[in-house]
$ cat query_17.cif   # mmCIF, C-alpha atoms
data_coords
#
loop_
_atom_site.label_atom_id
_atom_site.label_comp_id
_atom_site.auth_asym_id
_atom_site.auth_seq_id
_atom_site.Cartn_x
_atom_site.Cartn_y
_atom_site.Cartn_z
CA MET D 1 1.89 99.23 -0.77
CA ASN D 2 1.48 102.62 0.93
CA LYS D 3 1.01 104.60 -2.28
CA LYS D 4 -2.29 105.96 -3.56
CA THR D 5 -3.61 104.34 -6.70
CA ILE D 6 -5.85 105.43 -9.54
CA LYS D 7 -8.76 103.94 -7.56
CA ASP D 8 -8.23 106.50 -4.78
CA VAL D 9 -8.95 109.61 -6.87
CA ASP D 10 -11.87 111.17 -8.75
CA LEU D 11 -11.18 111.05 -12.48
CA SER D 12 -14.44 112.39 -13.88
CA GLY D 13 -13.75 115.18 -16.35
CA LYS D 14 -10.06 115.22 -15.39
CA THR D 15 -7.15 115.17 -17.81
CA VAL D 16 -5.08 112.17 -16.74
CA PHE D 17 -1.47 111.60 -17.83
CA ILE D 18 -0.64 107.88 -17.72
CA ARG D 19 3.02 106.92 -18.01
CA VAL D 20 2.87 103.49 -19.64
CA ASP D 21 5.62 101.14 -20.81
CA PHE D 22 5.13 100.69 -24.54
CA ASN D 23 8.80 99.87 -25.12
CA VAL D 24 7.90 96.88 -27.30
CA PRO D 25 9.74 95.07 -30.11
CA ILE D 26 8.66 96.42 -33.52
CA LYS D 27 9.72 94.99 -36.88
CA ASP D 28 8.64 96.46 -40.20
CA GLY D 29 5.99 98.49 -38.43
CA GLU D 30 4.47 95.44 -36.73
CA ILE D 31 4.53 94.78 -33.00
CA GLU D 32 6.15 91.40 -32.29
CA ASP D 33 5.24 91.13 -28.60
CA ASP D 34 2.27 93.05 -27.20
CA THR D 35 2.62 91.88 -23.57
CA ARG D 36 3.46 95.32 -22.21
CA ILE D 37 0.64 96.99 -24.11
CA GLN D 38 -1.89 94.44 -22.88
CA GLY D 39 -0.59 94.98 -19.36
CA ALA D 40 -1.49 98.68 -19.53
CA ILE D 41 -5.01 98.25 -20.96
CA PRO D 42 -6.80 97.71 -17.60
CA THR D 43 -5.53 101.05 -16.24
CA ILE D 44 -6.41 102.89 -19.46
CA LYS D 45 -9.89 101.37 -19.49
CA TYR D 46 -10.39 102.17 -15.81
CA ALA D 47 -9.55 105.82 -16.50
CA ILE D 48 -11.88 106.23 -19.49
CA ASP D 49 -14.65 104.24 -17.79
CA HIS D 50 -14.48 106.81 -14.99
CA GLY D 51 -14.81 109.77 -17.33
CA ALA D 52 -11.17 110.77 -17.73
CA LYS D 53 -9.50 112.41 -20.71
CA VAL D 54 -6.42 110.22 -21.10
CA VAL D 55 -2.94 111.19 -22.26
CA LEU D 56 -0.57 108.24 -22.74
CA ALA D 57 3.20 108.65 -22.73
CA SER D 58 6.03 106.16 -23.14
CA HIS D 59 9.56 105.70 -24.39
CA LEU D 60 10.72 103.34 -27.13
CA GLY D 61 14.35 102.29 -27.25
CA ARG D 62 17.27 104.72 -26.89
CA PRO D 63 16.95 106.89 -30.02
CA LEU D 64 19.33 109.70 -29.03
CA LYS D 65 22.02 107.25 -27.94
CA ASP D 66 21.65 105.34 -31.21
CA LYS D 67 21.69 108.61 -33.16
CA LYS D 68 25.00 109.53 -31.57
CA LYS D 69 26.44 106.11 -32.46
CA ALA D 70 25.28 106.54 -36.06
CA GLU D 71 26.93 109.96 -36.27
CA GLU D 72 30.19 108.57 -34.91
CA LYS D 73 30.15 105.74 -37.47
CA GLY D 74 29.00 107.99 -40.30
CA THR D 75 25.90 105.86 -40.87
CA GLU D 76 22.32 107.01 -41.43
CA PHE D 77 19.97 107.36 -38.45
CA ASP D 78 16.31 106.54 -39.02
CA PRO D 79 14.08 108.27 -36.43
CA GLY D 80 11.07 106.43 -37.82
CA LYS D 81 12.29 103.24 -36.15
CA TYR D 82 11.63 104.88 -32.80
CA SER D 83 8.11 106.14 -33.45
CA LEU D 84 5.17 104.96 -31.34
CA LYS D 85 2.87 105.20 -34.37
CA PRO D 86 2.70 101.38 -34.69
CA VAL D 87 1.54 101.25 -31.05
CA TYR D 88 -1.17 103.79 -31.87
CA GLU D 89 -2.30 101.63 -34.80
CA PHE D 90 -2.30 98.60 -32.50
CA LEU D 91 -4.44 100.37 -29.90
CA ARG D 92 -6.96 101.35 -32.57
CA SER D 93 -7.11 97.91 -34.15
CA HIS D 94 -6.51 95.41 -31.36
CA SER D 95 -8.12 96.90 -28.28
CA ASP D 96 -11.68 97.84 -27.41
CA LEU D 97 -10.73 101.32 -26.22
CA GLN D 98 -12.59 102.89 -29.12
CA LEU D 99 -15.84 101.50 -27.72
CA HIS D 100 -15.58 103.91 -24.80
CA SER D 101 -15.60 107.11 -26.87
CA ALA D 102 -17.71 110.01 -25.70
CA ALA D 103 -19.54 112.06 -28.31
CA GLY D 104 -18.00 115.45 -28.99
CA GLU D 105 -15.24 117.30 -30.73
CA GLY D 106 -11.83 115.64 -30.72
CA VAL D 107 -8.42 115.77 -32.33
CA SER D 108 -7.22 114.21 -35.53
CA PRO D 109 -4.21 111.89 -35.26
CA GLU D 110 -3.27 112.55 -38.88
CA SER D 111 -3.12 116.32 -38.47
CA GLY D 112 -1.17 116.24 -35.22
CA GLY D 113 -3.84 117.97 -33.19
CA VAL D 114 -6.25 119.81 -35.47
CA ALA D 115 -9.87 119.87 -34.35
CA LEU D 116 -12.48 117.87 -36.22
CA GLY D 117 -16.23 118.20 -36.09
CA LYS D 118 -18.52 115.76 -34.31
CA ALA D 119 -19.63 114.05 -37.50
CA GLU D 120 -16.05 113.24 -38.49
CA ILE D 121 -15.07 111.85 -35.11
CA LYS D 122 -17.84 109.25 -35.05
CA ASN D 123 -16.88 106.60 -32.48
CA ASP D 124 -13.09 106.95 -32.67
CA ALA D 125 -11.51 107.32 -29.25
CA VAL D 126 -7.76 106.78 -29.73
CA PHE D 127 -5.57 109.51 -31.21
CA PHE D 128 -1.90 110.20 -31.81
CA VAL D 129 0.20 113.35 -31.86
CA GLU D 130 3.65 113.36 -33.42
CA ASP D 131 5.49 114.99 -30.53
CA GLY D 132 5.87 114.69 -26.78
CA VAL D 133 5.60 118.38 -25.84
CA GLY D 134 4.85 121.69 -27.55
CA GLU D 135 1.97 123.53 -29.18
CA LYS D 136 0.62 120.52 -31.11
CA VAL D 137 0.45 118.50 -27.92
CA GLU D 138 -1.09 121.31 -25.88
CA GLU D 139 -3.80 121.88 -28.48
CA ALA D 140 -4.53 118.15 -28.77
CA VAL D 141 -4.74 117.76 -24.98
CA SER D 142 -7.03 120.79 -24.65
CA ARG D 143 -9.50 119.31 -27.17
CA LEU D 144 -9.72 115.86 -25.61
CA GLN D 145 -13.16 114.80 -24.39
CA SER D 146 -14.00 112.39 -21.59
CA GLY D 147 -13.47 108.84 -22.78
CA GLN D 148 -10.87 109.75 -25.40
CA VAL D 149 -7.22 108.70 -25.44
CA LEU D 150 -4.25 110.59 -26.88
CA LEU D 151 -0.91 108.84 -27.35
CA LEU D 152 2.17 111.09 -27.43
CA GLU D 153 5.20 110.39 -29.55
CA ASN D 154 8.28 108.68 -28.04
CA LEU D 155 9.44 110.88 -25.16
CA ARG D 156 13.07 109.84 -25.55
CA LEU D 157 13.25 111.72 -28.84
CA HIS D 158 13.75 114.67 -26.46
CA ALA D 159 17.00 114.91 -24.47
CA GLY D 160 15.07 116.37 -21.54
CA GLU D 161 13.34 113.06 -20.84
CA GLU D 162 16.35 111.01 -19.71
CA LYS D 163 18.05 114.05 -18.21
CA ASN D 164 14.97 114.64 -16.03
CA ASP D 165 15.05 118.24 -17.17
CA ALA D 166 12.70 120.36 -15.06
CA GLU D 167 11.59 122.54 -17.98
CA PHE D 168 10.74 119.48 -20.08
CA ALA D 169 8.90 117.90 -17.14
CA GLN D 170 6.88 121.10 -16.65
CA LYS D 171 5.86 121.03 -20.31
CA LEU D 172 4.70 117.41 -19.93
CA ALA D 173 2.58 118.47 -16.96
CA LYS D 174 0.83 121.33 -18.77
CA GLY D 175 -2.94 120.89 -18.66
CA ILE D 176 -2.69 117.69 -16.59
CA ASP D 177 -4.89 117.18 -13.50
CA VAL D 178 -3.79 113.69 -12.42
CA TYR D 179 -0.53 111.82 -13.04
CA VAL D 180 -0.58 108.01 -13.07
CA ASN D 181 2.57 105.89 -13.23
CA ASP D 182 1.79 102.45 -14.62
CA ALA D 183 5.29 101.78 -16.01
CA PHE D 184 6.98 99.67 -13.36
CA GLY D 185 9.71 98.74 -15.85
CA THR D 186 11.00 102.32 -15.81
CA ALA D 187 10.30 103.11 -12.15
CA HIS D 188 13.99 102.70 -11.27
CA ARG D 189 14.84 105.65 -13.54
CA ALA D 190 14.46 109.26 -12.39
CA HIS D 191 13.36 110.61 -15.77
CA ALA D 192 11.10 113.55 -16.59
CA SER D 193 8.04 111.35 -17.18
CA THR D 194 8.63 109.10 -14.17
CA GLU D 195 9.84 111.54 -11.50
CA GLY D 196 10.21 115.11 -12.74
CA ILE D 197 6.58 115.55 -13.79
CA THR D 198 5.37 114.75 -10.28
CA HIS D 199 6.73 118.11 -9.07
CA PHE D 200 4.28 119.91 -11.36
CA VAL D 201 1.10 117.83 -10.96
CA GLU D 202 -0.83 117.97 -7.69
CA THR D 203 -2.16 114.40 -7.70
CA CYS D 204 0.28 111.56 -8.50
CA VAL D 205 -0.78 107.92 -8.10
CA ALA D 206 0.02 104.37 -9.17
CA GLY D 207 -1.79 102.57 -11.97
CA LEU D 208 -3.34 99.11 -11.64
CA LEU D 209 -0.30 97.33 -13.10
CA MET D 210 2.09 99.28 -10.85
CA GLU D 211 -0.12 98.45 -7.86
CA LYS D 212 0.00 94.75 -8.72
CA GLU D 213 3.80 94.80 -9.11
CA LEU D 214 4.32 96.51 -5.77
CA GLU D 215 1.92 94.20 -3.96
CA PHE D 216 3.43 90.95 -5.25
CA LEU D 217 7.08 91.99 -5.00
CA GLY D 218 6.53 93.79 -1.70
CA LYS D 219 4.95 90.75 -0.10
CA ALA D 220 7.72 88.48 -1.42
CA LEU D 221 10.36 90.69 0.17
CA ASN D 222 8.69 91.73 3.39
CA ASN D 223 6.23 89.01 4.32
CA PRO D 224 6.70 85.89 2.20
CA GLU D 225 4.92 82.64 2.88
CA ARG D 226 7.52 79.97 3.53
CA PRO D 227 9.33 78.00 2.32
CA PHE D 228 10.62 80.88 0.15
CA VAL D 229 12.75 79.85 -2.84
CA ALA D 230 14.61 82.23 -5.16
CA ILE D 231 16.00 81.23 -8.56
CA LEU D 232 18.60 83.47 -10.16
CA GLY D 233 20.23 83.06 -13.56
CA GLY D 234 21.85 85.15 -16.24
CA ALA D 235 25.37 85.88 -17.34
CA LYS D 236 26.98 87.91 -14.58
CA VAL D 237 27.28 87.61 -10.83
CA SER D 238 28.05 91.35 -10.72
CA ASP D 239 24.55 92.13 -12.03
CA LYS D 240 22.91 90.19 -9.21
CA ILE D 241 25.08 90.82 -6.11
CA PRO D 242 22.67 93.32 -4.45
CA VAL D 243 19.74 90.96 -5.09
CA ILE D 244 21.59 87.91 -3.77
CA GLU D 245 22.68 89.76 -0.63
CA SER D 246 19.17 91.13 -0.08
CA LEU D 247 17.61 87.68 -0.43
CA ILE D 248 20.14 86.15 1.97
CA ASP D 249 19.59 88.97 4.48
CA ARG D 250 15.85 88.38 4.29
CA LYS D 251 16.54 84.70 4.87
CA VAL D 252 15.19 83.14 1.72
CA ASP D 253 15.05 79.41 2.51
CA LYS D 254 16.68 78.23 -0.71
CA LEU D 255 18.70 80.08 -3.34
CA LEU D 256 19.14 78.35 -6.70
CA ILE D 257 21.82 79.77 -9.00
CA GLY D 258 22.09 78.81 -12.67
CA GLY D 259 23.14 80.40 -15.93
CA ALA D 260 26.65 81.53 -16.79
CA MET D 261 26.97 83.28 -13.42
CA ALA D 262 27.36 79.84 -11.80
CA TYR D 263 30.77 79.39 -13.45
CA THR D 264 32.25 82.20 -11.38
CA PHE D 265 31.28 80.21 -8.28
CA PHE D 266 32.74 77.00 -9.71
CA LYS D 267 36.06 78.56 -10.68
CA ALA D 268 36.29 80.18 -7.25
CA GLN D 269 35.84 76.69 -5.75
CA GLY D 270 38.75 75.39 -7.85
CA TYR D 271 36.85 73.60 -10.62
CA THR D 272 37.97 73.70 -14.24
CA VAL D 273 35.28 75.50 -16.24
CA GLY D 274 36.96 75.48 -19.64
CA LYS D 275 35.99 78.41 -21.82
CA SER D 276 32.72 79.07 -19.98
CA LEU D 277 31.92 82.67 -19.15
CA VAL D 278 33.55 83.74 -15.87
CA GLU D 279 34.03 87.03 -14.04
CA ASP D 280 37.46 86.45 -12.52
CA ASP D 281 37.33 89.62 -10.43
CA MET D 282 34.09 88.41 -8.83
CA MET D 283 35.46 85.09 -7.57
CA PRO D 284 36.23 86.39 -4.05
CA THR D 285 32.69 87.80 -3.92
CA ALA D 286 31.25 84.43 -4.96
CA LEU D 287 33.04 82.76 -2.03
CA GLU D 288 31.78 85.48 0.32
CA ILE D 289 28.22 84.90 -0.88
CA GLU D 290 28.54 81.19 -0.14
CA GLU D 291 29.80 81.94 3.37
CA LYS D 292 27.00 84.46 4.00
CA ALA D 293 24.39 81.95 2.84
CA LYS D 294 25.85 79.25 5.10
CA ALA D 295 25.95 81.60 8.10
CA ALA D 296 22.33 82.66 7.49
CA GLY D 297 21.10 79.09 7.17
CA VAL D 298 20.20 79.58 3.50
CA GLU D 299 20.55 76.51 1.29
CA LEU D 300 22.49 77.60 -1.80
CA LEU D 301 22.20 75.21 -4.74
CA LEU D 302 24.50 75.32 -7.77
CA PRO D 303 24.29 73.10 -10.88
CA THR D 304 25.76 69.61 -10.64
CA ASP D 305 25.84 68.99 -14.39
CA HIS D 306 25.68 71.11 -17.52
CA GLN D 307 25.24 71.07 -21.28
CA VAL D 308 28.58 71.75 -22.96
CA VAL D 309 30.05 72.00 -26.44
CA ASP D 310 33.61 71.66 -27.63
CA SER D 311 34.77 75.13 -28.67
CA TYR D 312 36.35 73.60 -31.81
CA ASP D 313 33.20 71.74 -32.89
CA PRO D 314 30.19 73.50 -31.30
CA ILE D 315 27.64 72.11 -33.76
CA ASN D 316 28.20 68.39 -33.24
CA SER D 317 29.73 68.12 -29.79
CA ARG D 318 26.86 68.92 -27.41
CA LYS D 319 26.68 66.65 -24.38
CA ALA D 320 25.64 66.71 -20.74
CA ILE D 321 28.42 66.07 -18.21
CA GLN D 322 29.02 66.52 -14.50
CA ILE D 323 30.65 69.84 -13.58
CA GLU D 324 33.81 68.12 -12.28
CA PHE D 325 34.44 66.48 -15.66
CA THR D 326 34.76 69.79 -17.54
CA ASN D 327 38.02 70.15 -19.45
CA ALA D 328 39.81 73.17 -20.85
CA GLY D 329 38.26 73.03 -24.32
CA LEU D 330 34.61 72.92 -23.26
CA VAL D 331 32.04 75.72 -22.97
CA GLY D 332 29.04 75.39 -20.67
CA LEU D 333 25.83 76.76 -22.21
CA ASP D 334 22.96 75.37 -20.10
CA ILE D 335 22.21 73.41 -16.95
CA GLY D 336 22.02 69.66 -17.42
CA PRO D 337 19.10 67.27 -16.86
CA ASP D 338 20.28 66.24 -13.37
CA THR D 339 20.38 69.89 -12.27
CA ALA D 340 16.98 70.60 -13.80
CA ALA D 341 15.49 67.69 -11.84
CA ARG D 342 17.32 68.74 -8.65
CA PHE D 343 16.14 72.34 -8.96
CA ALA D 344 12.58 71.19 -9.66
CA ASN D 345 12.71 69.02 -6.54
CA ALA D 346 13.88 72.04 -4.52
CA LEU D 347 10.68 73.84 -5.51
CA LYS D 348 8.40 71.13 -4.12
CA GLY D 349 6.47 72.41 -1.15
CA ALA D 350 7.54 76.02 -1.76
CA LYS D 351 5.01 78.71 -0.86
CA THR D 352 6.80 81.68 -2.44
CA ILE D 353 9.00 81.53 -5.56
CA VAL D 354 10.88 84.40 -7.19
CA TRP D 355 12.65 83.70 -10.49
CA ASN D 356 14.86 86.11 -12.42
CA GLY D 357 17.21 85.12 -15.23
CA PRO D 358 17.68 82.15 -17.60
CA MET D 359 19.52 78.94 -16.81
CA GLY D 360 21.59 79.00 -19.99
CA MET D 361 21.98 80.50 -23.45
CA PHE D 362 18.21 80.53 -23.75
CA GLU D 363 18.11 82.38 -27.07
CA GLU D 364 19.80 79.46 -28.87
CA LYS D 365 18.08 76.08 -29.11
CA PRO D 366 18.63 73.50 -27.72
CA PHE D 367 20.23 75.48 -24.87
CA ASP D 368 16.81 76.70 -23.79
CA GLU D 369 15.97 73.27 -22.35
CA GLY D 370 17.12 74.02 -18.81
CA THR D 371 15.21 77.31 -18.66
CA ILE D 372 12.05 75.69 -20.05
CA ALA D 373 12.38 72.88 -17.47
CA ILE D 374 12.52 75.47 -14.68
CA ALA D 375 9.47 77.24 -16.16
CA ASN D 376 7.53 73.96 -15.98
CA ALA D 377 8.70 73.32 -12.42
CA VAL D 378 7.65 76.81 -11.29
CA ALA D 379 4.23 76.37 -12.93
CA GLU D 380 3.78 72.98 -11.25
CA ALA D 381 4.71 74.42 -7.85
CA THR D 382 2.24 77.27 -8.42
CA GLU D 383 -0.51 74.78 -9.19
CA LYS D 384 0.23 73.14 -5.84
CA GLY D 385 -0.16 76.35 -3.87
CA ALA D 386 2.96 78.48 -4.31
CA THR D 387 2.86 82.19 -5.14
CA SER D 388 5.23 82.57 -8.07
CA ILE D 389 6.80 85.76 -9.41
CA VAL D 390 8.76 85.69 -12.67
CA GLY D 391 10.74 88.72 -13.86
CA GLY D 392 13.42 89.41 -16.45
CA GLY D 393 13.08 89.18 -20.21
CA ASP D 394 14.42 85.68 -20.82
CA SER D 395 12.65 83.98 -17.93
CA VAL D 396 9.39 85.68 -18.93
CA ALA D 397 10.01 84.63 -22.54
CA ALA D 398 10.54 81.04 -21.38
CA VAL D 399 7.22 81.05 -19.53
CA ASN D 400 5.44 82.44 -22.58
CA GLN D 401 7.20 80.06 -24.96
CA ALA D 402 6.16 77.11 -22.83
CA GLY D 403 2.57 78.37 -22.79
CA LEU D 404 2.62 78.68 -19.00
CA ALA D 405 1.95 82.39 -18.48
CA ASP D 406 -1.52 81.75 -17.06
CA LYS D 407 -0.03 79.28 -14.56
CA ILE D 408 2.28 81.84 -12.93
CA SER D 409 0.93 84.04 -10.12
CA HIS D 410 2.62 87.20 -11.36
CA ILE D 411 4.80 87.98 -14.36
CA SER D 412 6.72 91.17 -13.64
CA THR D 413 7.03 93.75 -16.40
CA GLY D 414 10.24 95.12 -14.91
CA GLY D 415 13.77 94.04 -15.72
CA GLY D 416 16.15 96.36 -13.91
CA ALA D 417 13.30 97.69 -11.78
CA THR D 418 12.47 94.20 -10.51
CA LEU D 419 16.11 93.57 -9.62
CA GLU D 420 16.47 96.90 -7.83
CA PHE D 421 13.22 96.35 -5.93
CA LEU D 422 14.35 92.87 -4.86
CA ALA D 423 17.66 94.40 -3.79
CA GLY D 424 15.72 96.69 -1.46
CA ASP D 425 16.54 99.87 -3.40
CA ILE D 426 14.22 102.87 -3.52
CA LEU D 427 12.65 103.29 -6.96
CA PRO D 428 12.38 107.02 -7.88
CA GLY D 429 9.22 106.48 -9.95
CA VAL D 430 7.49 104.87 -6.96
CA GLU D 431 8.89 107.18 -4.28
CA ALA D 432 7.54 110.21 -6.16
CA LEU D 433 3.91 109.04 -5.90
CA ASP D 434 1.47 110.27 -3.23
CA ASN D 435 1.31 108.30 0.01
CA LYS D 436 -2.01 107.03 1.32
#
$ encode --input "query_17.cif" --output "structure tokens"
Amino acid sequence: MNKKTIKDVDLSGKTVFIRVDFNVPIKDGEIEDDTRIQGAIPTIKYAIDHGAKVVLASHLGRPLKDKKKAEEKGTEFDPGKYSLKPVYEFLRSHSDLQLHSAAGEGVSPESGGVALGKAEIKNDAVFFVEDGVGEKVEEAVSRLQSGQVLLLENLRLHAGEEKNDAEFAQKLAKGIDVYVNDAFGTAHRAHASTEGITHFVETCVAGLLMEKELEFLGKALNNPERPFVAILGGAKVSDKIPVIESLIDRKVDKLLIGGAMAYTFFKAQGYTVGKSLVEDDMMPTALEIEEKAKAAGVELLLPTDHQVVDSYDPINSRKAIQIEFTNAGLVGLDIGPDTAARFANALKGAKTIVWNGPMGMFEEKPFDEGTIAIANAVAEATEKGATSIVGGGDSVAAVNQAGLADKISHISTGGGATLEFLAGDILPGVEALDNK
């Protein structure tokens, strides 16, 4: 962690632009999972506690991509689905940010940046402006007082954000004294708000959440306590090749592979896998990975049994069988109980654990059982002294669903960013920050 953080700079009276990750699930105007918002609160509070005027910016979904799809299909596009207004309402109602308001003139969220008098502001500290750049935003930013927070509208409503357009980035930077990146989940993207803006702001640092991500993941990659065990799941081997190779090169002690990606390994070994998901073109790569692991002295564990259904009767045919007994009509959807116990045993005595990806079709019960079993095993190993890092939507969801979030050392907010970091790739949003 050789990057400066928000703790290394003077924030008093400064206008601070914090790139957060508020890309949260919203249904009927209500936030269904506030994990990412809660993750950003410590950095926001730190900034306002130290006298900053805070500008928050995030993306939500892929509105322009979805708009293009709607146009091609001749269907209606609803931009309201991509508004951060529900996040603004959440911040006002469910956080204590408003308790940090400084007295003085501010901006009205309803009017998109029109000044209000002191009496009307009262103790409100969180505001919203219905754009990401432009006159409304500039006026709202200029009227912010120390201790107040202004949330901008979804930046991806502008094409310049994902294109990392220099002109758009310069507009984002207008009136900003300090840039803080606290959105690890988007750090692998060179977008205007994650990389471009840093060319127009003199001071660019990491937020508290970003700092935590880099410290945990960095230590796991560069100086892990051993034994070091990695668990990888998910659908495709192709998605995880750089991570697998990186972990083998760094001599992880054990590599546990589950999920649909395991079937590519099995088919490459000559097993019948029925109608289970397989990447045929990746079978030679799977064999190469096994050889590399063997040569490096890395113990590579694959499932020994799995939960299957008959493709002609998926509702009533679920059963657990050994891998070698799979026939042509079966589909594997989860690891079996023997594998879950074997994987759990492999975690005993571990000092560092990294887990990314589910063990089966986690989104459909009862095929979440294997993933939940691994979540319990990781939590138990953590309780016995391991440092555990869990990343990836489904594995994080499993930990939360099992009520084990507080028993994991670190839950990463990054999906693709976590994978790219573990693969040893340079993340543009991190590289752009000031070095210590």
$ resolve_selection --input "query_17.cif" --expression "the PyMOL selection byres ((chain D and resi 380) around 10)" --output "list in words"
Ala344, Leu347, Lys348, Ile374, Ala375, Asn376, Ala377, Val378, Ala379, Ala381, Thr382, Glu383, Lys384, Gly385, Ala386, Leu404, Lys407 and Ile408 of chain D
$ write_last_selection --input "query_17.cif" --atoms "C-alpha atoms" --output "PDB file, keeping the file's coordinate frame"
ATOM      1  CA  ALA D 344      12.580  71.190  -9.660  1.00  0.00           C
ATOM      2  CA  LEU D 347      10.680  73.840  -5.510  1.00  0.00           C
ATOM      3  CA  LYS D 348       8.400  71.130  -4.120  1.00  0.00           C
ATOM      4  CA  ILE D 374      12.520  75.470 -14.680  1.00  0.00           C
ATOM      5  CA  ALA D 375       9.470  77.240 -16.160  1.00  0.00           C
ATOM      6  CA  ASN D 376       7.530  73.960 -15.980  1.00  0.00           C
ATOM      7  CA  ALA D 377       8.700  73.320 -12.420  1.00  0.00           C
ATOM      8  CA  VAL D 378       7.650  76.810 -11.290  1.00  0.00           C
ATOM      9  CA  ALA D 379       4.230  76.370 -12.930  1.00  0.00           C
ATOM     10  CA  ALA D 381       4.710  74.420  -7.850  1.00  0.00           C
ATOM     11  CA  THR D 382       2.240  77.270  -8.420  1.00  0.00           C
ATOM     12  CA  GLU D 383      -0.510  74.780  -9.190  1.00  0.00           C
ATOM     13  CA  LYS D 384       0.230  73.140  -5.840  1.00  0.00           C
ATOM     14  CA  GLY D 385      -0.160  76.350  -3.870  1.00  0.00           C
ATOM     15  CA  ALA D 386       2.960  78.480  -4.310  1.00  0.00           C
ATOM     16  CA  LEU D 404       2.620  78.680 -19.000  1.00  0.00           C
ATOM     17  CA  LYS D 407      -0.030  79.280 -14.560  1.00  0.00           C
ATOM     18  CA  ILE D 408       2.280  81.840 -12.930  1.00  0.00           C
TER      19      ILE D 408
END
$ resolve_selection --input "query_17.cif" --expression "the PyMOL selection byres ((chain D and resi 310) around 10)" --output "list in words"
Gly274, Lys275, Val308, Val309, Ser311, Tyr312, Asp313, Pro314, Ile315, Asn316, Ser317, Arg318, Lys319, Asn327, Ala328, Gly329, Leu330, Val331 and Gly332 of chain D
$ write_last_selection --input "query_17.cif" --atoms "C-alpha atoms" --output "PDB file, in the coordinates of the input"
ATOM      1  CA  GLY D 274      36.960  75.480 -19.640  1.00  0.00           C
ATOM      2  CA  LYS D 275      35.990  78.410 -21.820  1.00  0.00           C
ATOM      3  CA  VAL D 308      28.580  71.750 -22.960  1.00  0.00           C
ATOM      4  CA  VAL D 309      30.050  72.000 -26.440  1.00  0.00           C
ATOM      5  CA  SER D 311      34.770  75.130 -28.670  1.00  0.00           C
ATOM      6  CA  TYR D 312      36.350  73.600 -31.810  1.00  0.00           C
ATOM      7  CA  ASP D 313      33.200  71.740 -32.890  1.00  0.00           C
ATOM      8  CA  PRO D 314      30.190  73.500 -31.300  1.00  0.00           C
ATOM      9  CA  ILE D 315      27.640  72.110 -33.760  1.00  0.00           C
ATOM     10  CA  ASN D 316      28.200  68.390 -33.240  1.00  0.00           C
ATOM     11  CA  SER D 317      29.730  68.120 -29.790  1.00  0.00           C
ATOM     12  CA  ARG D 318      26.860  68.920 -27.410  1.00  0.00           C
ATOM     13  CA  LYS D 319      26.680  66.650 -24.380  1.00  0.00           C
ATOM     14  CA  ASN D 327      38.020  70.150 -19.450  1.00  0.00           C
ATOM     15  CA  ALA D 328      39.810  73.170 -20.850  1.00  0.00           C
ATOM     16  CA  GLY D 329      38.260  73.030 -24.320  1.00  0.00           C
ATOM     17  CA  LEU D 330      34.610  72.920 -23.260  1.00  0.00           C
ATOM     18  CA  VAL D 331      32.040  75.720 -22.970  1.00  0.00           C
ATOM     19  CA  GLY D 332      29.040  75.390 -20.670  1.00  0.00           C
TER      20      GLY D 332
END
$ resolve_selection --input "query_17.cif" --expression "the PyMOL selection byres ((chain D and resi 297-307) around 10)" --output "ChimeraX atom specification"
/D:229-231,247-259,262-263,265-266,289-296,308-309,318-326,330-340,342-343,346,359-360,366-367,369-370
$ atom_distance --input "query_17.cif" --atom1 "CA of Glu138 in chain D" --atom2 "CA of Leu84 in chain D"
18.3 Å
$ atom_distance --input "query_17.cif" --atom1 "CA of Gly403 in chain D" --atom2 "CA of Asn356 in chain D"
17.8 Å
$ atom_distance --input "query_17.cif" --atom1 "CA of Val87 in chain D" --atom2 "CA of Thr418 in chain D"
24.3 Å
$ closest_residue --input "query_17.cif" --among "D:Ala397, D:Leu232, D:Leu433, D:Ala52" --to "Glu202 in chain D" --atoms "only C-alpha atoms"
D:Leu433
$ closest_residue --input "query_17.cif" --among "D:Ala432, D:Val390, D:Val54, D:Val273" --to "Ile176 in chain D" --atoms "all atoms listed in the file"
D:Val54
$ closest_residue --input "query_17.cif" --among "D:Gly357, D:Pro224, D:Pro63, D:Gly429" --to "Lys236 in chain D" --atoms "only C-alpha atoms"
D:Gly357
$ residues_around --input "query_17.cif" --residues "Tyr46 in chain D" --least-positions-apart "4" --cutoff "9 Å" --atoms "only C-alpha atoms" --output "list of chain:residue names"
D:Ile6, D:Lys7, D:Ile41, D:Pro42, D:His50, D:Gly51, D:Ala52, D:Leu208
$ residues_around --input "query_17.cif" --residues "range 183-198 of chain D" --least-positions-apart "6" --cutoff "8 Å" --atoms "all atoms listed in the file" --output "number ranges by chain"
D: 19-21, 57, 160-166, 168-170, 172-173, 204, 209-210, 213, 413-418, 420, 426-430, 432-433
$ residues_around --input "query_17.cif" --residues "Asn2 in chain D" --least-positions-apart "3" --cutoff "10 Å" --atoms "all atoms listed in the file" --output "VMD selection string"
chain D and resid 5 211 214 to 215 433 to 436
$ closest_residue --input "query_17.cif" --among "D:Leu157, D:Glu431, D:Glu288, D:Ile37" --to "Lys65 in chain D" --atoms "all atoms listed in the file"
D:Leu157
$ closest_residue --input "query_17.cif" --among "D:Leu150, D:Ile244, D:Met361, D:Ile372" --to "Val399 in chain D" --atoms "only C-alpha atoms"
D:Ile372
$ closest_residue --input "query_17.cif" --among "D:Ser276, D:Thr15, D:Ser58, D:Thr43" --to "Arg143 in chain D" --atoms "only C-alpha atoms"
D:Thr15
